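Asks: Have a look at this one.
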Amino acid sequence: MYTLTILALSWQHILIVAILLLLLFGGKKIPELMRGMGSGIKEFKDAIKEEDKPEAKTTENNPSNNNSNSN
């Protein structure tokens with residue numbers, strides 16, 4: 001039987017991809033792209049953490065609402 005391995009990359013494959021990235025984007029652009037991707041991932045994780053936090057419900061005592069029933 002043949003086993004299908006989709007993401008089995010050898011060091012030669014990774015080297016070819018790295019060379020292609022250098023040719024396409026240049027040496028100066030790649031760190032900027034990685035920095036942007038890292039900050040995007042960080043913002044995504046922070047948004048997920050904020051969504052998981054229970055929101056503190058605040059009740060406002062508004063005197064005009066309390067007095068409107070007595071009129």
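Residue numbers start at 1 in each chain; chains themselves are named A, B, ... in the order of the structure tokens; ligands are numbered from 1 in the order shown.
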Could you tell me, as a PyMOL selection string, which residues of stretch 8-55 of chain A DSSP assigns to helix (DSSP H, G or I) when given the backbone?

Replies: chain A and resi 11-25+29-52
